[in-house]
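A.B. asks: Got a structure for you, written out below as structure tokens; questions coming shortly.
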Amino acid sequence: MKRRNFSPFGYFMFFISVAAVTTCAVLVYTLVADMNAGAIAAIMLAVVLALASLCTLLDYLRRRFIDGKITDEIASATALMAHGDYTVRLTPRHAYNAYDEYDIIMENLNSLAAELAKTEMMNSDFISNVSHEIKMPLSVISNYAAALKKGGLDNETKEKYISTLIGASKRLSDLVVNVLKLNKLEHSNVAADLKEFDLAEELRACILDFEEVIDNKNLQLDCDIDEICLYSDKSLLETVWHNLISNAVKFTPEGGTITVTLKNENGLAVVSVSDTGCGIASGTGEHIFDKFFQGDTSHAQEGNGLGLAMVKRVIDILGGEISVSSKVGEGSTFTVKLKGLK
Ligand SMILES: Nc1ncnc2c1ncn2[C@@H]1O[C@H](COP(=O)(O)OP(=O)(O)O)[C@@H](O)[C@H]1O
Ligand SMILES: [Mg+2]
């Protein structure tokens, strides 16, 4: 936090007042030296009362016309903020390098209002995104269930409708699981559960989970995985590999190639997941780690745009790095660098 600058003027005025009062006292004393005790007491009382009244008046004027204006301004700004108006901004009265306490409070209130506005916008974006993601599978469920109830469908169509129903409910449950997971990662200060584990084995196990879909899509899988053990959080990293591989599989058309590598590079464990899929346009690339961002807004592919947001959060928690290189139509490579090599 910025500290208040030392202002000699204020101190000087204060000591001038003390000196003036002392001088008055000495003058009064020289005047009253020959008087009797009763007269001295009466004069002293009158002087004390007069000085106290003068100081009170000066202090009142200072509060009313200088500090009072500022505190009124701060009070009305905080009242507006308390009622949900986060657009208020206060203007400090001094240049940045001459800030006093009021200027610092004003700046802090401006930052607070900006932060609250950001949080409010994120909350409303979040609600509209979740609602949108819920609405789609729900309307699929209600339409297909109604069609099944109506009857008169041949077995093949029934099968197709039931599969669609299962797909839509899976989409809903994935959404709920991912929202809860991401919420936990973002808000509950997840502490990494650090243990030594076999990273190569974890990667192989994750790849195996996609064996069936890789076969179904006739994808070629190339792996170059060195035997590496890591001191890190095994279960958090599983989320990372799962999302990166599932994206590679999802965004690569039939007959494409997926490559997963694990290497020790300059004391870091480096995992890369590459594909020969659709690639990511440069404008899109800036947003892929945002919550609910999906390059294809038509929702032709399964997903809810939370995978990479989770990946990024996990990598941040573990103090690692993630980068993407991609060319539209040629493919993408996600590279994760992690510390904790064993
Ligand atoms: N391997 C990839 N190839 C092409 N685009 C990708 C790849 N991985 C991620 N993306 C883009 O990033 C977006 C966000 O990814 P993600 O958060 O995992 O969401 P989802 O998979 O649910 O769409 C995707 O919708 C897609 O546009
Ligand atoms: Mg994904």
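By convention in this document, the chains of the structure tokens carry letters A, B, ... by their order, each chain's residues are numbered from 1, and ligands are numbered from 1 in the order they are shown.
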How would you report the residues lying within 9 Å of ligand 2, as a list of chain:residue names, if you count only C-alpha atoms and all ligand atoms?

C.D. replies: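 Residues satisfying the distance criterion: A:His242, A:Asn243, A:Leu244, A:Ile245, A:Ser246, A:Asn247, A:Ala248, A:Lys250, A:Gln294, A:Glu302, A:Gly303, A:Asn304, A:Gly305, A:Leu306, A:Gly307, A:Leu308.
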
A.B. asks: Throw together the list of residues within 9 Å of ligand 1, counting only C-alpha atoms and all ligand atoms, and drop it here as a short mmCIF file (atom, residue, chain, number, x, y, z; two decimals) with N, CA and C atoms, in the first residue's frame.

C.D. replies:
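Output file result.cif is given in full below:
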```cif
data_model
loop_
_atom_site.label_atom_id
_atom_site.label_comp_id
_atom_site.auth_asym_id
_atom_site.auth_seq_id
_atom_site.Cartn_x
_atom_site.Cartn_y
_atom_site.Cartn_z
N ASN A 243 -8.31 -33.98 -19.64
CA ASN A 243 -8.90 -32.92 -20.48
C ASN A 243 -8.11 -32.70 -21.77
N LEU A 244 -6.76 -32.69 -21.64
CA LEU A 244 -5.96 -32.43 -22.85
C LEU A 244 -6.14 -33.56 -23.87
N ILE A 245 -6.15 -34.82 -23.36
CA ILE A 245 -6.28 -35.94 -24.31
C ILE A 245 -7.70 -35.97 -24.88
N SER A 246 -8.69 -35.70 -24.03
CA SER A 246 -10.07 -35.74 -24.55
C SER A 246 -10.28 -34.65 -25.60
N ASN A 247 -9.67 -33.49 -25.41
CA ASN A 247 -9.78 -32.43 -26.45
C ASN A 247 -9.09 -32.87 -27.74
N ALA A 248 -7.88 -33.45 -27.60
CA ALA A 248 -7.14 -33.88 -28.79
C ALA A 248 -7.97 -34.89 -29.58
N VAL A 249 -8.58 -35.83 -28.85
CA VAL A 249 -9.39 -36.86 -29.51
C VAL A 249 -10.62 -36.22 -30.15
N LYS A 250 -11.24 -35.31 -29.40
CA LYS A 250 -12.50 -34.70 -29.86
C LYS A 250 -12.30 -33.82 -31.10
N PHE A 251 -11.21 -33.05 -31.09
CA PHE A 251 -11.05 -32.07 -32.17
C PHE A 251 -10.21 -32.59 -33.35
N THR A 252 -9.93 -33.89 -33.34
CA THR A 252 -9.18 -34.46 -34.47
C THR A 252 -10.11 -35.35 -35.30
N VAL A 273 0.83 -32.80 -25.55
CA VAL A 273 -0.26 -33.54 -26.21
C VAL A 273 -0.53 -32.83 -27.53
N SER A 274 -0.20 -33.50 -28.63
CA SER A 274 -0.38 -32.88 -29.95
C SER A 274 -1.44 -33.63 -30.74
N ASP A 275 -2.06 -32.90 -31.65
CA ASP A 275 -3.02 -33.57 -32.52
C ASP A 275 -2.95 -32.96 -33.91
N THR A 276 -3.53 -33.66 -34.85
CA THR A 276 -3.57 -33.13 -36.22
C THR A 276 -5.00 -32.70 -36.54
N GLY A 277 -5.64 -32.08 -35.52
CA GLY A 277 -7.04 -31.71 -35.63
C GLY A 277 -7.29 -30.37 -36.28
N CYS A 278 -8.41 -29.78 -35.91
CA CYS A 278 -8.87 -28.56 -36.59
C CYS A 278 -8.01 -27.33 -36.27
N GLY A 279 -7.27 -27.39 -35.15
CA GLY A 279 -6.44 -26.24 -34.78
C GLY A 279 -7.26 -25.12 -34.16
N ILE A 280 -6.54 -24.11 -33.65
CA ILE A 280 -7.21 -23.02 -32.94
C ILE A 280 -6.83 -21.69 -33.60
N ALA A 281 -7.84 -20.90 -33.97
CA ALA A 281 -7.56 -19.61 -34.62
C ALA A 281 -6.90 -18.68 -33.60
N THR A 284 -9.15 -16.93 -31.17
CA THR A 284 -9.79 -17.87 -30.25
C THR A 284 -8.82 -18.28 -29.15
N GLY A 285 -7.56 -18.44 -29.55
CA GLY A 285 -6.53 -18.94 -28.62
C GLY A 285 -6.46 -18.15 -27.33
N HIS A 287 -8.78 -17.07 -25.60
CA HIS A 287 -9.90 -17.33 -24.68
C HIS A 287 -10.07 -18.78 -24.26
N ILE A 288 -9.26 -19.68 -24.82
CA ILE A 288 -9.55 -21.10 -24.58
C ILE A 288 -9.48 -21.49 -23.10
N PHE A 289 -8.76 -20.70 -22.28
CA PHE A 289 -8.70 -21.05 -20.86
C PHE A 289 -9.80 -20.35 -20.05
N ASP A 290 -10.66 -19.57 -20.72
CA ASP A 290 -11.77 -18.91 -20.01
C ASP A 290 -12.87 -19.91 -19.74
N LYS A 291 -13.56 -19.68 -18.62
CA LYS A 291 -14.68 -20.56 -18.27
C LYS A 291 -15.77 -20.50 -19.34
N PHE A 292 -16.30 -21.62 -19.74
CA PHE A 292 -17.41 -21.76 -20.68
C PHE A 292 -17.06 -21.38 -22.11
N PHE A 293 -15.78 -21.10 -22.35
CA PHE A 293 -15.44 -20.74 -23.73
C PHE A 293 -15.41 -21.99 -24.62
N GLN A 294 -16.10 -21.95 -25.71
CA GLN A 294 -16.04 -23.02 -26.69
C GLN A 294 -15.84 -22.38 -28.05
N GLY A 295 -14.82 -22.85 -28.78
CA GLY A 295 -14.52 -22.28 -30.09
C GLY A 295 -15.72 -22.41 -31.01
N ASP A 296 -16.38 -23.55 -30.92
CA ASP A 296 -17.53 -23.79 -31.79
C ASP A 296 -18.80 -23.51 -31.01
N THR A 297 -19.40 -22.36 -31.27
CA THR A 297 -20.58 -21.98 -30.49
C THR A 297 -21.84 -22.75 -30.89
N HIS A 299 -22.13 -25.80 -30.62
CA HIS A 299 -22.19 -26.95 -29.71
C HIS A 299 -22.31 -28.27 -30.46
N GLN A 301 -19.97 -30.29 -30.94
CA GLN A 301 -19.20 -31.27 -30.17
C GLN A 301 -19.67 -31.29 -28.74
N GLU A 302 -19.46 -32.44 -28.10
CA GLU A 302 -19.79 -32.54 -26.68
C GLU A 302 -18.86 -31.61 -25.89
N GLY A 303 -19.33 -31.14 -24.74
CA GLY A 303 -18.43 -30.32 -23.92
C GLY A 303 -19.15 -29.12 -23.37
N ASN A 304 -18.50 -28.47 -22.40
CA ASN A 304 -19.13 -27.30 -21.80
C ASN A 304 -18.14 -26.15 -21.61
N GLY A 305 -16.96 -26.29 -22.18
CA GLY A 305 -16.00 -25.19 -22.10
C GLY A 305 -15.39 -24.97 -20.73
N LEU A 306 -15.44 -26.01 -19.88
CA LEU A 306 -14.86 -25.85 -18.55
C LEU A 306 -13.52 -26.59 -18.41
N GLY A 307 -13.27 -27.51 -19.36
CA GLY A 307 -12.08 -28.37 -19.25
C GLY A 307 -10.78 -27.59 -19.12
N LEU A 308 -10.52 -26.70 -20.08
CA LEU A 308 -9.23 -26.00 -20.05
C LEU A 308 -9.15 -24.97 -18.91
N ALA A 309 -10.32 -24.45 -18.48
CA ALA A 309 -10.31 -23.53 -17.32
C ALA A 309 -9.81 -24.31 -16.10
N MET A 310 -10.26 -25.56 -15.98
CA MET A 310 -9.82 -26.39 -14.86
C MET A 310 -8.34 -26.72 -14.98
N VAL A 311 -7.94 -27.06 -16.22
CA VAL A 311 -6.52 -27.39 -16.46
C VAL A 311 -5.63 -26.24 -16.02
N SER A 326 -0.60 -23.69 -32.19
CA SER A 326 -1.63 -24.29 -33.03
C SER A 326 -1.69 -23.60 -34.38
N VAL A 328 -4.49 -23.38 -37.64
CA VAL A 328 -5.82 -23.79 -38.10
C VAL A 328 -5.67 -24.80 -39.25
N GLY A 331 -3.45 -28.56 -36.73
CA GLY A 331 -3.42 -29.22 -35.42
C GLY A 331 -2.93 -28.32 -34.30
N SER A 332 -2.89 -28.90 -33.10
CA SER A 332 -2.52 -28.12 -31.92
C SER A 332 -1.58 -28.94 -31.03
N THR A 333 -0.76 -28.22 -30.28
CA THR A 333 0.09 -28.88 -29.29
C THR A 333 -0.04 -28.13 -27.97
N PHE A 334 -0.44 -28.85 -26.94
CA PHE A 334 -0.49 -28.29 -25.58
C PHE A 334 0.73 -28.82 -24.83
#
```

A.B. asks: I need the strand (DSSP E or B) residues of range 220-274 of chain A per DSSP on the backbone, written as a ChimeraX atom specification.

C.D. replies: /A:220-225,229-232,257-265,268-274

A.B. asks: The selected residues should be written to file as a PDB file, in the first residue's frame (atoms: N, CA and C atoms).

C.D. replies:
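Now in selection-v6.pdb:
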```
ATOM      1  N   GLN A 220      -4.466 -42.461 -35.144  1.00  0.00           N
ATOM      2  CA  GLN A 220      -3.174 -43.076 -34.856  1.00  0.00           C
ATOM      3  C   GLN A 220      -2.644 -42.461 -33.558  1.00  0.00           C
ATOM      4  N   LEU A 221      -2.130 -43.309 -32.688  1.00  0.00           N
ATOM      5  CA  LEU A 221      -1.638 -42.798 -31.403  1.00  0.00           C
ATOM      6  C   LEU A 221      -0.138 -43.032 -31.314  1.00  0.00           C
ATOM      7  N   ASP A 222       0.626 -41.940 -31.191  1.00  0.00           N
ATOM      8  CA  ASP A 222       2.079 -42.070 -31.029  1.00  0.00           C
ATOM      9  C   ASP A 222       2.448 -41.637 -29.625  1.00  0.00           C
ATOM     10  N   CYS A 223       3.172 -42.483 -28.918  1.00  0.00           N
ATOM     11  CA  CYS A 223       3.577 -42.108 -27.556  1.00  0.00           C
ATOM     12  C   CYS A 223       5.085 -42.185 -27.432  1.00  0.00           C
ATOM     13  N   ASP A 224       5.654 -41.187 -26.770  1.00  0.00           N
ATOM     14  CA  ASP A 224       7.085 -41.228 -26.475  1.00  0.00           C
ATOM     15  C   ASP A 224       7.209 -40.784 -25.022  1.00  0.00           C
ATOM     16  N   ILE A 225       7.056 -41.775 -24.142  1.00  0.00           N
ATOM     17  CA  ILE A 225       6.932 -41.450 -22.721  1.00  0.00           C
ATOM     18  C   ILE A 225       8.141 -41.975 -21.954  1.00  0.00           C
ATOM     19  N   CYS A 229       9.327 -40.040 -12.547  1.00  0.00           N
ATOM     20  CA  CYS A 229       8.512 -39.940 -11.327  1.00  0.00           C
ATOM     21  C   CYS A 229       8.479 -38.468 -10.907  1.00  0.00           C
ATOM     22  N   LEU A 230       7.364 -38.073 -10.322  1.00  0.00           N
ATOM     23  CA  LEU A 230       7.194 -36.658  -9.991  1.00  0.00           C
ATOM     24  C   LEU A 230       6.722 -36.533  -8.544  1.00  0.00           C
ATOM     25  N   TYR A 231       7.146 -35.468  -7.892  1.00  0.00           N
ATOM     26  CA  TYR A 231       6.626 -35.156  -6.556  1.00  0.00           C
ATOM     27  C   TYR A 231       5.605 -34.051  -6.769  1.00  0.00           C
ATOM     28  N   SER A 232       4.330 -34.462  -6.889  1.00  0.00           N
ATOM     29  CA  SER A 232       3.281 -33.479  -7.198  1.00  0.00           C
ATOM     30  C   SER A 232       1.930 -34.059  -6.790  1.00  0.00           C
ATOM     31  N   THR A 257      -3.822 -38.036 -36.193  1.00  0.00           N
ATOM     32  CA  THR A 257      -2.804 -38.590 -35.292  1.00  0.00           C
ATOM     33  C   THR A 257      -2.756 -37.796 -33.994  1.00  0.00           C
ATOM     34  N   ILE A 258      -2.602 -38.548 -32.893  1.00  0.00           N
ATOM     35  CA  ILE A 258      -2.434 -37.897 -31.591  1.00  0.00           C
ATOM     36  C   ILE A 258      -1.089 -38.350 -31.028  1.00  0.00           C
ATOM     37  N   THR A 259      -0.324 -37.387 -30.545  1.00  0.00           N
ATOM     38  CA  THR A 259       0.997 -37.729 -30.020  1.00  0.00           C
ATOM     39  C   THR A 259       1.104 -37.241 -28.583  1.00  0.00           C
ATOM     40  N   VAL A 260       1.523 -38.155 -27.705  1.00  0.00           N
ATOM     41  CA  VAL A 260       1.721 -37.777 -26.305  1.00  0.00           C
ATOM     42  C   VAL A 260       3.180 -38.050 -25.940  1.00  0.00           C
ATOM     43  N   THR A 261       3.848 -37.018 -25.411  1.00  0.00           N
ATOM     44  CA  THR A 261       5.239 -37.243 -25.009  1.00  0.00           C
ATOM     45  C   THR A 261       5.464 -36.791 -23.580  1.00  0.00           C
ATOM     46  N   LEU A 262       6.424 -37.422 -22.946  1.00  0.00           N
ATOM     47  CA  LEU A 262       6.852 -37.017 -21.600  1.00  0.00           C
ATOM     48  C   LEU A 262       8.368 -37.031 -21.588  1.00  0.00           C
ATOM     49  N   LYS A 263       8.962 -35.888 -21.255  1.00  0.00           N
ATOM     50  CA  LYS A 263      10.427 -35.767 -21.283  1.00  0.00           C
ATOM     51  C   LYS A 263      10.911 -35.005 -20.056  1.00  0.00           C
ATOM     52  N   ASN A 264      12.165 -35.239 -19.727  1.00  0.00           N
ATOM     53  CA  ASN A 264      12.825 -34.429 -18.713  1.00  0.00           C
ATOM     54  C   ASN A 264      13.596 -33.348 -19.458  1.00  0.00           C
ATOM     55  N   GLU A 265      13.138 -32.104 -19.322  1.00  0.00           N
ATOM     56  CA  GLU A 265      13.842 -31.018 -20.018  1.00  0.00           C
ATOM     57  C   GLU A 265      14.328 -29.999 -19.016  1.00  0.00           C
ATOM     58  N   LEU A 268      12.772 -30.142 -15.627  1.00  0.00           N
ATOM     59  CA  LEU A 268      11.304 -30.044 -15.548  1.00  0.00           C
ATOM     60  C   LEU A 268      10.690 -31.239 -16.271  1.00  0.00           C
ATOM     61  N   ALA A 269       9.550 -31.698 -15.757  1.00  0.00           N
ATOM     62  CA  ALA A 269       8.823 -32.747 -16.469  1.00  0.00           C
ATOM     63  C   ALA A 269       7.975 -32.041 -17.517  1.00  0.00           C
ATOM     64  N   VAL A 270       8.188 -32.386 -18.789  1.00  0.00           N
ATOM     65  CA  VAL A 270       7.459 -31.706 -19.856  1.00  0.00           C
ATOM     66  C   VAL A 270       6.558 -32.710 -20.588  1.00  0.00           C
ATOM     67  N   VAL A 271       5.260 -32.452 -20.494  1.00  0.00           N
ATOM     68  CA  VAL A 271       4.287 -33.318 -21.163  1.00  0.00           C
ATOM     69  C   VAL A 271       3.714 -32.543 -22.334  1.00  0.00           C
ATOM     70  N   SER A 272       3.676 -33.170 -23.499  1.00  0.00           N
ATOM     71  CA  SER A 272       2.995 -32.476 -24.605  1.00  0.00           C
ATOM     72  C   SER A 272       1.964 -33.402 -25.242  1.00  0.00           C
ATOM     73  N   VAL A 273       0.830 -32.803 -25.553  1.00  0.00           N
ATOM     74  CA  VAL A 273      -0.256 -33.541 -26.210  1.00  0.00           C
ATOM     75  C   VAL A 273      -0.529 -32.827 -27.529  1.00  0.00           C
ATOM     76  N   SER A 274      -0.201 -33.503 -28.634  1.00  0.00           N
ATOM     77  CA  SER A 274      -0.383 -32.877 -29.955  1.00  0.00           C
ATOM     78  C   SER A 274      -1.439 -33.629 -30.738  1.00  0.00           C
TER      79      SER A 274
END
```

A.B. asks: With a distance cut-off of 12 Å and only C-alpha atoms, select the neighbouring residues of Thr78 in chain A, excluding the residue or stretch itself and same-chain residues fewer than 3 positions from it, and output the selection as an NGL selection string.

C.D. replies: :A and (71-75 or 81-90 or 105-106 or 108-110 or 112-113)
